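Engineer: Data file query01.cif (mmCIF, C-alpha atoms) is appended below.
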data_query
#
loop_
_atom_site.label_atom_id
_atom_site.label_comp_id
_atom_site.auth_asym_id
_atom_site.auth_seq_id
_atom_site.Cartn_x
_atom_site.Cartn_y
_atom_site.Cartn_z
CA MET Q 1 76.05 197.60 -18.01
CA SER Q 2 75.47 201.33 -17.81
CA GLU Q 3 73.31 202.84 -15.10
CA ASN Q 4 70.88 203.81 -17.83
CA THR Q 5 69.98 200.19 -18.37
CA ILE Q 6 66.89 198.77 -16.71
CA THR Q 7 66.84 195.03 -16.25
CA PHE Q 8 63.61 193.13 -15.89
CA GLU Q 9 62.05 189.82 -16.77
CA ILE Q 10 59.49 188.69 -19.39
CA ASP Q 11 58.29 185.11 -18.97
CA GLY Q 12 61.50 184.23 -17.13
CA VAL Q 13 63.79 185.78 -19.75
CA GLU Q 14 66.02 188.66 -18.69
CA VAL Q 15 65.36 191.76 -20.81
CA GLN Q 16 67.15 195.10 -20.90
CA GLY Q 17 65.34 198.37 -21.39
CA ALA Q 18 66.14 202.06 -21.26
CA PRO Q 19 64.51 204.68 -19.05
CA GLY Q 20 61.38 206.01 -20.69
CA GLN Q 21 60.82 202.91 -22.80
CA THR Q 22 57.56 201.04 -22.56
CA ILE Q 23 57.50 197.34 -21.83
CA MET Q 24 56.40 196.76 -25.44
CA GLN Q 25 59.34 198.74 -26.87
CA ALA Q 26 61.85 196.87 -24.73
CA ALA Q 27 60.23 193.54 -25.63
CA ASP Q 28 60.33 194.37 -29.35
CA ALA Q 29 64.04 195.20 -29.10
CA ALA Q 30 64.64 191.90 -27.33
CA GLY Q 31 62.79 189.92 -30.00
CA ILE Q 32 59.82 189.11 -27.76
CA TYR Q 33 56.46 189.70 -29.47
CA ILE Q 34 53.63 191.14 -27.42
CA PRO Q 35 50.44 191.04 -29.54
CA ARG Q 36 48.84 194.44 -30.23
CA LEU Q 37 46.27 196.18 -32.37
CA CYS Q 38 46.11 199.88 -31.51
CA ALA Q 39 49.85 200.27 -30.89
CA PHE Q 40 51.90 201.24 -33.93
CA GLU Q 41 55.54 202.17 -34.11
CA GLY Q 42 55.93 205.90 -34.63
CA LEU Q 43 52.54 206.77 -33.14
CA PRO Q 44 51.97 207.75 -29.50
CA PRO Q 45 50.45 204.85 -27.55
CA HIS Q 46 46.69 204.81 -27.19
CA GLY Q 47 46.21 201.93 -24.76
CA SER Q 48 42.67 201.23 -25.89
CA CYS Q 49 42.59 197.79 -27.51
CA ARG Q 50 44.06 196.02 -24.44
CA ILE Q 51 45.40 193.19 -26.61
CA CYS Q 52 48.93 193.97 -25.38
CA THR Q 53 47.89 193.45 -21.77
CA VAL Q 54 50.55 191.69 -19.74
CA LYS Q 55 50.85 191.02 -16.04
CA VAL Q 56 53.39 193.23 -14.29
CA ASN Q 57 54.23 191.91 -10.82
CA GLY Q 58 50.87 190.14 -10.89
CA ARG Q 59 48.77 193.10 -12.05
CA PHE Q 60 47.27 193.61 -15.50
CA GLN Q 61 48.85 196.50 -17.43
CA SER Q 62 48.84 197.50 -21.09
CA SER Q 63 52.44 197.03 -22.21
CA CYS Q 64 52.22 199.82 -24.82
CA THR Q 65 51.74 202.43 -22.09
CA GLN Q 66 53.49 200.92 -19.07
CA PRO Q 67 57.12 202.06 -18.68
CA VAL Q 68 59.84 199.57 -17.87
CA ALA Q 69 61.08 199.51 -14.30
CA GLU Q 70 63.98 197.77 -12.62
CA GLY Q 71 63.26 194.22 -11.54
CA ILE Q 72 59.63 193.96 -12.66
CA ILE Q 73 58.36 190.47 -13.46
CA VAL Q 74 56.30 190.52 -16.68
CA GLU Q 75 54.04 187.66 -17.81
CA ASN Q 76 53.22 187.71 -21.51
CA ASP Q 77 52.88 184.29 -23.13
CA THR Q 78 50.88 182.51 -20.43
CA GLU Q 79 47.64 180.57 -20.94
CA GLU Q 80 45.76 183.05 -18.72
CA ILE Q 81 46.81 186.04 -20.83
CA LEU Q 82 46.39 184.19 -24.14
CA GLU Q 83 42.81 183.37 -23.15
CA PHE Q 84 42.24 187.01 -22.22
CA ARG Q 85 43.53 188.08 -25.66
CA ARG Q 86 41.41 185.45 -27.44
CA ASN Q 87 38.35 186.87 -25.68
CA LEU Q 88 39.20 190.41 -26.81
CA VAL Q 89 39.71 189.33 -30.43
CA ASP Q 90 36.48 187.29 -30.28
CA MET Q 91 34.62 190.38 -29.06
CA LEU Q 92 36.03 192.51 -31.88
CA PHE Q 93 34.90 189.95 -34.44
CA VAL Q 94 31.31 189.75 -33.16
CA GLU Q 95 31.01 193.49 -32.49
CA GLY Q 96 31.42 194.55 -36.13
CA ASN Q 97 30.58 193.05 -39.51
CA HIS Q 98 33.81 191.29 -40.42
CA PHE Q 99 33.33 189.33 -43.64
CA CYS Q 100 36.85 188.09 -44.28
CA MET Q 101 35.84 186.07 -47.34
CA PHE Q 102 35.45 189.14 -49.53
CA CYS Q 103 37.50 191.74 -47.67
CA GLU Q 104 40.37 193.18 -49.69
CA LYS Q 105 42.48 193.30 -46.54
CA SER Q 106 42.17 189.56 -45.91
CA GLY Q 107 45.61 188.00 -45.60
CA ASN Q 108 47.14 191.34 -44.67
CA CYS Q 109 44.73 192.16 -41.84
CA GLU Q 110 46.17 192.43 -38.34
CA LEU Q 111 42.91 191.51 -36.60
CA GLN Q 112 42.59 188.37 -38.71
CA ALA Q 113 46.28 187.58 -38.27
CA LEU Q 114 45.96 187.86 -34.49
CA ALA Q 115 43.01 185.45 -34.56
CA TYR Q 116 45.12 183.04 -36.64
CA ARG Q 117 48.05 183.34 -34.26
CA LEU Q 118 45.79 182.79 -31.27
CA GLY Q 119 44.31 179.71 -32.97
CA ILE Q 120 40.72 181.01 -33.02
CA THR Q 121 38.46 178.89 -35.24
CA ALA Q 122 35.23 180.64 -34.21
CA PRO Q 123 34.34 183.48 -31.83
CA LYS Q 124 32.71 182.26 -28.63
CA TYR Q 125 30.27 185.18 -28.38
CA PRO Q 126 27.00 185.73 -30.29
CA PHE Q 127 27.36 187.83 -33.44
CA MET Q 128 25.80 191.28 -33.15
CA PHE Q 129 25.55 192.16 -36.86
CA PRO Q 130 25.26 195.90 -36.11
CA ALA Q 131 23.09 197.74 -38.63
CA ASN Q 132 24.37 201.25 -37.87
CA ARG Q 133 27.64 201.02 -39.85
CA THR Q 134 28.03 202.95 -43.07
CA VAL Q 135 30.47 203.03 -45.96
CA ASP Q 136 31.85 206.39 -47.12
CA ALA Q 137 33.11 205.98 -50.69
CA SER Q 138 32.83 209.69 -51.58
CA HIS Q 139 36.58 210.17 -52.03
CA LYS Q 140 38.04 209.20 -55.40
CA ASP Q 141 41.02 207.27 -54.00
CA ILE Q 142 39.99 206.12 -50.51
CA PHE Q 143 36.98 204.64 -48.80
CA ILE Q 144 36.11 203.99 -45.18
CA ASP Q 145 33.96 201.01 -44.21
CA HIS Q 146 32.76 201.40 -40.64
CA ASN Q 147 31.59 197.76 -40.59
CA ARG Q 148 35.25 196.75 -40.24
CA CYS Q 149 36.50 199.53 -37.95
CA ILE Q 150 37.84 198.35 -34.58
CA LEU Q 151 38.27 201.86 -33.12
CA CYS Q 152 42.03 201.54 -32.68
CA ALA Q 153 42.51 205.27 -33.36
CA ARG Q 154 45.60 204.69 -35.48
CA CYS Q 155 44.13 206.86 -38.28
CA ILE Q 156 43.30 209.61 -35.80
CA ARG Q 157 46.85 209.68 -34.44
CA ALA Q 158 48.55 209.28 -37.82
CA SER Q 159 46.49 212.03 -39.45
CA ARG Q 160 47.11 214.39 -36.54
CA ASP Q 161 50.75 213.60 -35.73
CA LEU Q 162 52.26 212.41 -39.00
CA ASP Q 163 50.12 213.94 -41.76
CA GLY Q 164 49.41 217.16 -39.86
CA LYS Q 165 45.81 217.15 -41.05
CA ASN Q 166 43.59 215.94 -38.21
CA VAL Q 167 41.14 214.36 -40.63
CA PHE Q 168 39.72 211.70 -38.31
CA GLN Q 169 38.32 211.78 -34.81
CA PHE Q 170 36.01 209.78 -32.55
CA VAL Q 171 32.39 210.78 -32.09
CA GLY Q 172 29.68 209.11 -30.03
CA ARG Q 173 29.83 206.94 -26.93
CA GLY Q 174 29.60 203.21 -26.23
CA PRO Q 175 28.13 201.19 -29.09
CA GLU Q 176 27.54 204.42 -31.03
CA LYS Q 177 31.22 205.37 -30.95
CA HIS Q 178 32.71 205.64 -34.41
CA ILE Q 179 35.34 207.37 -36.49
CA ALA Q 180 34.17 210.60 -38.09
CA VAL Q 181 35.91 212.87 -40.55
CA ASN Q 182 36.93 216.40 -39.75
CA ALA Q 183 33.62 217.81 -38.54
CA ARG Q 184 32.29 217.38 -42.05
CA ALA Q 185 30.13 214.58 -43.31
CA ARG Q 186 32.23 212.97 -46.02
CA LEU Q 187 35.80 211.91 -46.79
CA VAL Q 188 35.78 213.85 -50.06
CA ASP Q 189 35.30 217.10 -48.13
CA THR Q 190 38.53 216.63 -46.17
CA GLU Q 191 42.18 217.11 -46.99
CA VAL Q 192 42.85 213.36 -46.78
CA ASP Q 193 45.09 212.04 -49.53
CA VAL Q 194 45.79 208.54 -50.75
CA THR Q 195 49.44 208.88 -49.70
CA ASP Q 196 48.54 209.79 -46.09
CA LYS Q 197 49.98 207.70 -43.28
CA ALA Q 198 46.46 207.64 -41.84
CA VAL Q 199 45.39 205.43 -44.74
CA GLU Q 200 48.40 203.15 -44.48
CA VAL Q 201 48.22 202.41 -40.75
CA CYS Q 202 44.69 200.96 -40.64
CA PRO Q 203 45.18 197.44 -39.25
CA VAL Q 204 41.93 196.15 -40.75
CA GLY Q 205 39.97 196.76 -43.95
CA ALA Q 206 38.20 199.87 -42.64
CA ILE Q 207 40.26 202.49 -44.51
CA LEU Q 208 41.33 201.16 -47.88
CA ARG Q 209 42.75 202.56 -51.07
CA LYS Q 210 40.51 202.23 -54.11
CA HIS Q 211 41.68 200.70 -57.40
CA VAL Q 212 43.83 198.13 -55.57
CA GLY Q 213 41.47 195.23 -55.04
CA TYR Q 214 42.90 191.80 -54.41
CA ALA Q 215 46.34 192.74 -55.65
CA ILE Q 216 48.35 190.02 -53.92
CA PRO Q 217 47.42 186.41 -54.69
CA VAL Q 218 46.41 184.04 -51.88
CA GLY Q 219 49.53 182.35 -50.60
CA LYS Q 220 51.74 185.42 -51.01
CA ARG Q 221 50.03 187.78 -48.59
CA LYS Q 222 51.68 189.00 -45.43
CA TYR Q 223 50.17 186.53 -42.96
CA ASP Q 224 49.51 183.54 -45.23
CA HIS Q 225 52.52 181.62 -43.94
CA ALA Q 226 54.22 183.65 -41.22
CA PRO Q 227 52.22 184.51 -38.10
CA ILE Q 228 51.94 188.15 -37.08
CA GLY Q 229 54.88 189.06 -34.83
CA SER Q 230 57.30 186.60 -36.39
CA ASP Q 231 59.30 189.55 -37.78
CA ILE Q 232 59.85 190.76 -34.22
CA GLU Q 233 60.62 187.26 -32.97
CA ALA Q 234 63.17 186.82 -35.78
CA GLN Q 235 65.28 189.55 -34.16
CA LYS Q 236 65.79 187.49 -31.03
CA HIS Q 237 69.46 187.01 -30.34
CA MET X 238 33.50 145.98 -36.88
CA ALA X 239 31.40 148.29 -39.02
CA LYS X 240 33.11 151.37 -40.35
CA PRO X 241 32.21 154.69 -38.69
CA LYS X 242 29.83 156.85 -40.66
CA ILE X 243 30.06 160.42 -41.89
CA ALA X 244 27.17 162.66 -42.86
CA THR X 245 27.36 166.01 -44.63
CA THR X 246 24.90 168.72 -45.56
CA SER X 247 24.79 172.18 -47.08
CA LEU X 248 22.39 174.59 -45.36
CA ALA X 249 22.64 178.26 -46.37
CA GLY X 250 25.88 177.61 -48.23
CA CYS X 251 27.05 177.52 -51.83
CA PHE X 252 28.39 173.93 -51.89
CA GLY X 253 31.88 175.36 -52.11
CA CYS X 254 32.82 173.56 -48.89
CA HIS X 255 31.57 170.30 -50.40
CA MET X 256 33.74 171.00 -53.44
CA SER X 257 36.60 171.35 -50.98
CA ILE X 258 35.77 167.93 -49.50
CA LEU X 259 36.11 166.48 -53.00
CA ASP X 260 39.33 168.44 -53.34
CA ILE X 261 41.07 165.91 -51.05
CA ASP X 262 41.67 164.21 -54.43
CA GLU X 263 42.97 160.64 -54.31
CA ARG X 264 42.83 160.68 -50.52
CA ILE X 265 39.10 160.06 -50.96
CA LEU X 266 40.07 156.42 -51.67
CA GLU X 267 41.70 156.27 -48.24
CA LEU X 268 38.62 157.90 -46.78
CA VAL X 269 36.16 155.35 -48.16
CA ASP X 270 38.38 152.60 -46.72
CA ILE X 271 37.87 153.92 -43.20
CA VAL X 272 34.36 155.43 -43.31
CA ASP X 273 30.94 154.99 -44.84
CA PHE X 274 28.92 157.97 -46.00
CA ASP X 275 25.44 158.32 -44.53
CA LYS X 276 23.09 161.21 -45.37
CA SER X 277 24.99 163.46 -47.75
CA PRO X 278 24.54 165.25 -51.07
CA ILE X 279 27.58 163.31 -52.27
CA ASN X 280 25.67 159.99 -52.33
CA ASP X 281 22.19 161.57 -52.35
CA ILE X 282 21.02 159.68 -49.24
CA LYS X 283 18.16 161.90 -48.04
CA GLU X 284 17.55 160.60 -44.51
CA PHE X 285 19.81 159.31 -41.78
CA THR X 286 20.05 155.51 -41.68
CA GLY X 287 21.62 155.46 -38.22
CA GLU X 288 24.07 157.07 -35.86
CA CYS X 289 27.10 158.82 -37.37
CA LEU X 290 30.48 159.55 -35.86
CA VAL X 291 31.01 162.84 -37.68
CA GLY X 292 28.62 165.34 -39.24
CA LEU X 293 29.96 168.10 -41.47
CA VAL X 294 27.65 171.10 -41.78
CA GLU X 295 28.20 173.68 -44.48
CA GLY X 296 26.25 176.95 -44.34
CA GLY X 297 24.39 178.77 -41.61
CA CYS X 298 20.67 178.77 -40.85
CA ALA X 299 18.70 181.11 -43.10
CA ASN X 300 15.32 179.36 -42.94
CA GLU X 301 13.27 176.94 -40.85
CA GLU X 302 14.32 173.95 -42.93
CA ASN X 303 17.99 174.71 -42.26
CA VAL X 304 17.20 174.64 -38.53
CA ARG X 305 15.35 171.30 -38.80
CA VAL X 306 18.19 169.68 -40.76
CA LEU X 307 20.76 171.04 -38.35
CA GLN X 308 18.83 169.70 -35.35
CA ASP X 309 18.55 166.34 -37.13
CA PHE X 310 22.34 166.34 -37.60
CA ARG X 311 22.88 167.14 -33.94
CA LYS X 312 20.62 164.23 -33.00
CA HIS X 313 22.40 161.72 -35.24
CA CYS X 314 26.05 162.80 -35.11
CA LYS X 315 28.37 162.21 -32.20
CA ILE X 316 30.71 164.95 -33.39
CA LEU X 317 29.26 167.91 -35.25
CA ILE X 318 31.53 170.20 -37.23
CA SER X 319 30.81 173.64 -38.66
CA LEU X 320 32.48 173.51 -42.06
CA GLY X 321 33.41 176.89 -43.47
CA ASP X 322 32.71 180.54 -42.73
CA CYS X 323 28.94 180.45 -43.46
CA ALA X 324 28.40 177.78 -40.82
CA ILE X 325 30.65 179.70 -38.42
CA ASN X 326 29.54 183.30 -38.89
CA GLY X 327 26.71 183.23 -41.43
CA GLY X 328 29.01 184.19 -44.29
CA LEU X 329 27.70 186.01 -47.34
CA PRO X 330 24.03 185.19 -46.61
CA ALA X 331 24.48 187.02 -43.28
CA MET X 332 25.03 190.26 -45.18
CA ARG X 333 21.25 190.58 -45.03
CA ASN X 334 21.40 190.60 -41.23
CA THR X 335 21.86 194.35 -41.13
CA ILE X 336 18.76 194.91 -43.29
CA PRO X 337 15.20 194.18 -42.10
CA LEU X 338 13.80 191.01 -43.75
CA LYS X 339 10.88 192.85 -45.32
CA GLU X 340 13.24 195.28 -47.05
CA CYS X 341 15.23 192.33 -48.44
CA LEU X 342 12.09 190.65 -49.82
CA ASP X 343 10.76 193.91 -51.25
CA GLU X 344 14.06 194.53 -53.03
CA ALA X 345 14.21 190.96 -54.38
CA TYR X 346 10.60 190.65 -55.55
CA LEU X 347 9.19 194.16 -55.93
CA ASN X 348 11.67 197.02 -56.16
CA GLY X 349 14.86 195.59 -57.63
CA PRO X 350 15.91 197.22 -60.93
CA SER X 351 15.64 193.93 -62.88
CA VAL X 352 12.48 192.58 -61.22
CA TYR X 353 9.56 191.58 -63.46
CA ASN X 354 6.69 190.63 -61.18
CA PRO X 355 3.31 191.91 -62.44
CA SER X 356 1.39 190.10 -59.70
CA GLY X 357 3.37 192.06 -57.11
CA ARG X 358 3.40 188.98 -54.89
CA ILE X 359 6.21 187.82 -52.66
CA PRO X 360 6.43 183.98 -52.83
CA ASN X 361 4.78 182.47 -49.77
CA ASP X 362 3.86 178.92 -50.83
CA SER X 363 3.75 176.57 -47.87
CA GLU X 364 6.27 174.35 -49.69
CA ILE X 365 8.87 177.10 -49.43
CA PRO X 366 10.66 177.13 -46.08
CA LEU X 367 10.01 180.32 -44.13
CA LEU X 368 12.98 182.65 -43.90
CA LEU X 369 14.33 183.41 -40.44
CA ASN X 370 14.55 187.04 -39.33
CA LYS X 371 18.30 186.77 -39.89
CA VAL X 372 20.95 184.21 -40.79
CA TYR X 373 22.32 182.37 -37.75
CA PRO X 374 25.69 180.69 -37.35
CA CYS X 375 25.22 176.97 -36.59
CA HIS X 376 26.65 177.22 -33.08
CA GLU X 377 23.95 179.73 -32.16
CA VAL X 378 21.32 177.07 -32.98
CA VAL X 379 22.80 173.78 -31.72
CA LYS X 380 25.97 172.73 -29.91
CA ILE X 381 28.86 172.51 -32.38
CA ASP X 382 31.95 170.51 -31.39
CA TYR X 383 34.52 171.83 -33.86
CA HIS X 384 34.83 174.71 -36.30
CA LEU X 385 36.80 174.52 -39.53
CA PRO X 386 36.98 178.08 -40.87
CA GLY X 387 37.70 179.06 -44.45
CA CYS X 388 35.84 180.10 -47.56
CA PRO X 389 36.13 177.26 -48.24
CA PRO X 390 38.31 175.44 -45.72
CA SER X 391 41.17 173.90 -47.67
CA ALA X 392 41.08 170.20 -48.47
CA ASP X 393 44.11 169.82 -46.22
CA THR X 394 42.20 171.37 -43.32
CA ILE X 395 39.28 168.99 -43.83
CA TRP X 396 41.58 166.01 -44.23
CA GLN X 397 43.60 166.91 -41.14
CA ALA X 398 40.42 167.25 -39.06
CA LEU X 399 38.75 164.07 -40.33
CA THR X 400 41.81 161.85 -39.98
CA ALA X 401 42.43 163.16 -36.45
CA LEU X 402 38.83 162.47 -35.39
CA LEU X 403 38.66 159.06 -37.09
CA THR X 404 41.90 157.91 -35.49
CA ASP X 405 40.96 159.28 -32.07
CA LYS X 406 43.72 161.87 -32.03
CA PRO X 407 43.36 165.46 -30.80
CA MET X 408 42.40 167.84 -33.59
CA GLU X 409 45.25 170.29 -33.89
CA LEU X 410 45.27 172.63 -36.85
CA PRO X 411 48.68 174.09 -37.70
CA TYR X 412 48.90 177.84 -38.41
CA GLU X 413 48.50 177.55 -42.16
CA LEU X 414 45.28 175.55 -41.92
CA ILE X 415 43.33 178.20 -39.99
CA LYS X 416 42.20 180.71 -42.62
CA TYR X 417 39.07 182.83 -42.88
CA ASP X 418 39.12 183.21 -46.65
#
Kindly return the structure encoded in the file as structure tokens.
Structural biologist:
Amino acid sequence: MSENTITFEIDGVEVQGAPGQTIMQAADAAGIYIPRLCAFEGLPPHGSCRICTVKVNGRFQSSCTQPVAEGIIVENDTEEILEFRRNLVDMLFVEGNHFCMFCEKSGNCELQALAYRLGITAPKYPFMFPANRTVDASHKDIFIDHNRCILCARCIRASRDLDGKNVFQFVGRGPEKHIAVNARARLVDTEVDVTDKAVEVCPVGAILRKHVGYAIPVGKRKYDHAPIGSDIEAQKH
Amino acid sequence: MAKPKIATTSLAGCFGCHMSILDIDERILELVDIVDFDKSPINDIKEFTGECLVGLVEGGCANEENVRVLQDFRKHCKILISLGDCAINGGLPAMRNTIPLKECLDEAYLNGPSVYNPSGRIPNDSEIPLLLNKVYPCHEVVKIDYHLPGCPPSADTIWQALTALLTDKPMELPYELIKYD
């Protein structure tokens, strides 16, 4: 074992990481899935959704931002943390207008898939049905439906860091916080393109490509049979 | 010993979940061996004849009649189940929740592009149940014991849940039976 290897523990399993890695990166490499929504490989961590929260030496930390350290004891798949994650997913479902039954993203949606994996049959909180969410369908190839946005900031980061366009950013505070486009009012006025990474990385049905519809039949979609994270878990040696 | 009874109803739903109940196919023969149906659109019994073990509720509450029926189900059913997305989160009818009720009625009866209504009246006969300000999920109106999501829940989901409850086993839905579409 080289001196550049950091050894620590996740749920009693010994895991090796490298200096500078986050707990999530080391866990991924070891085939241990830590649920996440705002984190996305290739984008800088945002640490905002808190779904990836783990306990590090007894304290809550977001594993997408917390670096690995020698000898830390990480709790991930415990009932306490699973309940915490269920609550967060529940809150996301009641906070927006998430109508899975007609959403084109259904079956390929990471929020929905997380709820499936966590075994949620109904959110425990009262539905808010916010009335301040709009749909911007001005662009010929893309639309953004704010009813479904979970404010993960993946599109912001992907547009800025991968597409080099900076099309999206946050405006507003608290319940008014939402994604806006490039200091102009509409998607069509921006440089956004249907091939942009910013469009691809949306975990939910908020930013979607037009002319696609329900392209994949029920039963063949990404999360119809395999829970989210099973691709990472399949790498476990 | 008398067989346990099941009751079902469709509130603000489309009867799709009831279609899914029928979709258990030949297993319905097994079902009638172990249960009797009480109040349900399937046998057209209008009022409860007694206490039921399980009540299946499709649809959320869009009007005052939905609320009365739901409360009646809660009173008569030991175990009450929200069947399908409309019962759980309001479903398609809840799309009106982001629009004030008056605007919805005006669009439907006065301003809609295909409306022909020379009297300019919005129906308000006392026979017609009053609409609620918005569509409510069932568990925001009465206590609901279990939720079976889906639009509709698959026949396998319904079968799994019913057989577990009727045989006194814990209701555990495997991954592929929890779906929101």
Engineer: Take the PyMOL selection byres ((chain Q and resi 113-126) around 8), apply it to the structure above, and return the hits as an MDAnalysis selection string.
Structural biologist: (chainID Q and resid 35 82 86:87 89:91 93:94 107:112 127:128 223 227:228) or (chainID X and resid 325:326 377 384:386 412 415:416)
Engineer: Evaluating the PyMOL selection byres ((chain X and resi 368) around 6) on the displayed file yields which residues, as a list in words?
Structural biologist: Ala299, Asn300, Leu367 and Leu369 of chain X
Engineer: Would you give me, as JSON, numbers by chain, the residues of chain X that come within 12 Å of chain Q, using all atoms listed in the file?
Structural biologist: {"X": [318, 319, 320, 321, 322, 323, 324, 325, 326, 327, 328, 329, 330, 331, 332, 333, 334, 335, 336, 337, 371, 372, 373, 374, 375, 376, 377, 378, 380, 381, 382, 383, 384, 385, 386, 387, 388, 389, 390, 394, 408, 409, 410, 411, 412, 413, 414, 415, 416, 417, 418]}
Engineer: Given the file above and the PyMOL selection byres ((chain X and resi 265-282) around 12), which residues are selected, and can you give them as a VMD selection string?
Structural biologist: chain X and resid 238 to 248 252 254 to 264 283 to 295 306 309 to 310 313 to 314 392 to 393 395 to 397 399 to 400 402 to 404
Engineer: Let's have the selection written as a CSV table (one decimal), in the coordinates of the input, with C-alpha atoms.
Structural biologist:
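Listed below is the output, out.csv:
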chain,number,residue,atom,x,y,z
X,238,MET,CA,33.5,146.0,-36.9
X,239,ALA,CA,31.4,148.3,-39.0
X,240,LYS,CA,33.1,151.4,-40.4
X,241,PRO,CA,32.2,154.7,-38.7
X,242,LYS,CA,29.8,156.8,-40.7
X,243,ILE,CA,30.1,160.4,-41.9
X,244,ALA,CA,27.2,162.7,-42.9
X,245,THR,CA,27.4,166.0,-44.6
X,246,THR,CA,24.9,168.7,-45.6
X,247,SER,CA,24.8,172.2,-47.1
X,248,LEU,CA,22.4,174.6,-45.4
X,252,PHE,CA,28.4,173.9,-51.9
X,254,CYS,CA,32.8,173.6,-48.9
X,255,HIS,CA,31.6,170.3,-50.4
X,256,MET,CA,33.7,171.0,-53.4
X,257,SER,CA,36.6,171.4,-51.0
X,258,ILE,CA,35.8,167.9,-49.5
X,259,LEU,CA,36.1,166.5,-53.0
X,260,ASP,CA,39.3,168.4,-53.3
X,261,ILE,CA,41.1,165.9,-51.0
X,262,ASP,CA,41.7,164.2,-54.4
X,263,GLU,CA,43.0,160.6,-54.3
X,264,ARG,CA,42.8,160.7,-50.5
X,283,LYS,CA,18.2,161.9,-48.0
X,284,GLU,CA,17.6,160.6,-44.5
X,285,PHE,CA,19.8,159.3,-41.8
X,286,THR,CA,20.0,155.5,-41.7
X,287,GLY,CA,21.6,155.5,-38.2
X,288,GLU,CA,24.1,157.1,-35.9
X,289,CYS,CA,27.1,158.8,-37.4
X,290,LEU,CA,30.5,159.6,-35.9
X,291,VAL,CA,31.0,162.8,-37.7
X,292,GLY,CA,28.6,165.3,-39.2
X,293,LEU,CA,30.0,168.1,-41.5
X,294,VAL,CA,27.6,171.1,-41.8
X,295,GLU,CA,28.2,173.7,-44.5
X,306,VAL,CA,18.2,169.7,-40.8
X,309,ASP,CA,18.6,166.3,-37.1
X,310,PHE,CA,22.3,166.3,-37.6
X,313,HIS,CA,22.4,161.7,-35.2
X,314,CYS,CA,26.0,162.8,-35.1
X,392,ALA,CA,41.1,170.2,-48.5
X,393,ASP,CA,44.1,169.8,-46.2
X,395,ILE,CA,39.3,169.0,-43.8
X,396,TRP,CA,41.6,166.0,-44.2
X,397,GLN,CA,43.6,166.9,-41.1
X,399,LEU,CA,38.8,164.1,-40.3
X,400,THR,CA,41.8,161.8,-40.0
X,402,LEU,CA,38.8,162.5,-35.4
X,403,LEU,CA,38.7,159.1,-37.1
X,404,THR,CA,41.9,157.9,-35.5
Engineer: Looking at only C-alpha atoms, which of X:Gly250, X:Ala398, X:Lys315, X:Lys339 is the one that sits closest to Gly297 (chain X)?
Structural biologist: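 Closest to Gly297 (chain X), using only C-alpha atoms: X:Gly250.
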Engineer: I'd like the interatomic distance between CA of Ser138 (chain Q) and CA of Asp196 (chain Q), to a tenth of an Å.
Structural biologist: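 CA of Asp196 (chain Q) lies at a distance of 16.6 Å from CA of Ser138 (chain Q).
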Engineer: Rounded to one decimal in Å, what is the spacing between CA of Ser63 (chain Q) and CA of Asp77 (chain Q)?
Structural biologist: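 Separating CA of Ser63 (chain Q) from CA of Asp77 (chain Q) is a distance of 12.8 Å.
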Engineer: Just checking: using only C-alpha atoms, which residue out of Q:Phe143, Q:Phe168, Q:Phe60, Q:Tyr214 ends up closest to Val194 (chain Q)?
Structural biologist: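 Looking at the shortest contact to Val194 (chain Q), the residue is Q:Phe143.
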Engineer: I want to know what sits within 12 Å of Asp163 (chain Q), based on all atoms listed in the file, with residues of the same chain fewer than 3 positions away left out; could you give that as a list in words?
Structural biologist: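 Skipping anything fewer than 3 positions along the chain leaves Leu43, Cys155, Ile156, Arg157, Ala158, Ser159, Arg160, Asn166, Val167, Phe168, Glu191, Val192, Asp193, Val194, Thr195, Asp196, Lys197, Ala198, Val199, Glu200 and Val201 of chain Q.
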Engineer: If you measure from CA of Glu302 (chain X) to CA of Ser391 (chain X), what distance in Å do you get, rounded to one decimal?
Structural biologist: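 Computing the Euclidean distance for CA of Glu302 (chain X) and CA of Ser391 (chain X) yields 27.3 Å.
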Engineer: For Cys49 (chain Q), which of Q:Leu162, Q:Ile232, Q:Glu176, Q:Arg85 is the closest residue, counting all atoms listed in the file?
Structural biologist: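 Ranking Q:Leu162, Q:Ile232, Q:Glu176, Q:Arg85 by distance to Cys49 (chain Q), first place goes to Q:Arg85.
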Engineer: Take region 102-119 of chain Q from the preceding structure and save C-alpha atoms as a short mmCIF file (atom, residue, chain, number, x, y, z; two decimals), in the first residue's frame.
Structural biologist:
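And here's result_4.cif as it stands now:
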data_model
loop_
_atom_site.label_atom_id
_atom_site.label_comp_id
_atom_site.auth_asym_id
_atom_site.auth_seq_id
_atom_site.Cartn_x
_atom_site.Cartn_y
_atom_site.Cartn_z
CA PHE Q 102 -47.49 12.17 -17.62
CA CYS Q 103 -43.88 13.28 -17.28
CA GLU Q 104 -41.67 12.32 -20.21
CA LYS Q 105 -38.81 11.71 -17.80
CA SER Q 106 -40.73 9.10 -15.81
CA GLY Q 107 -38.75 5.87 -15.64
CA ASN Q 108 -35.51 7.72 -16.30
CA CYS Q 109 -35.90 10.32 -13.55
CA GLU Q 110 -33.35 10.29 -10.74
CA LEU Q 111 -35.69 11.85 -8.18
CA GLN Q 112 -38.34 9.21 -8.90
CA ALA Q 113 -35.71 6.46 -8.94
CA LEU Q 114 -34.42 7.55 -5.54
CA ALA Q 115 -37.96 7.44 -4.14
CA TYR Q 116 -38.34 3.92 -5.58
CA ARG Q 117 -35.03 2.82 -4.10
CA LEU Q 118 -35.95 4.28 -0.73
CA GLY Q 119 -39.30 2.47 -0.87
#
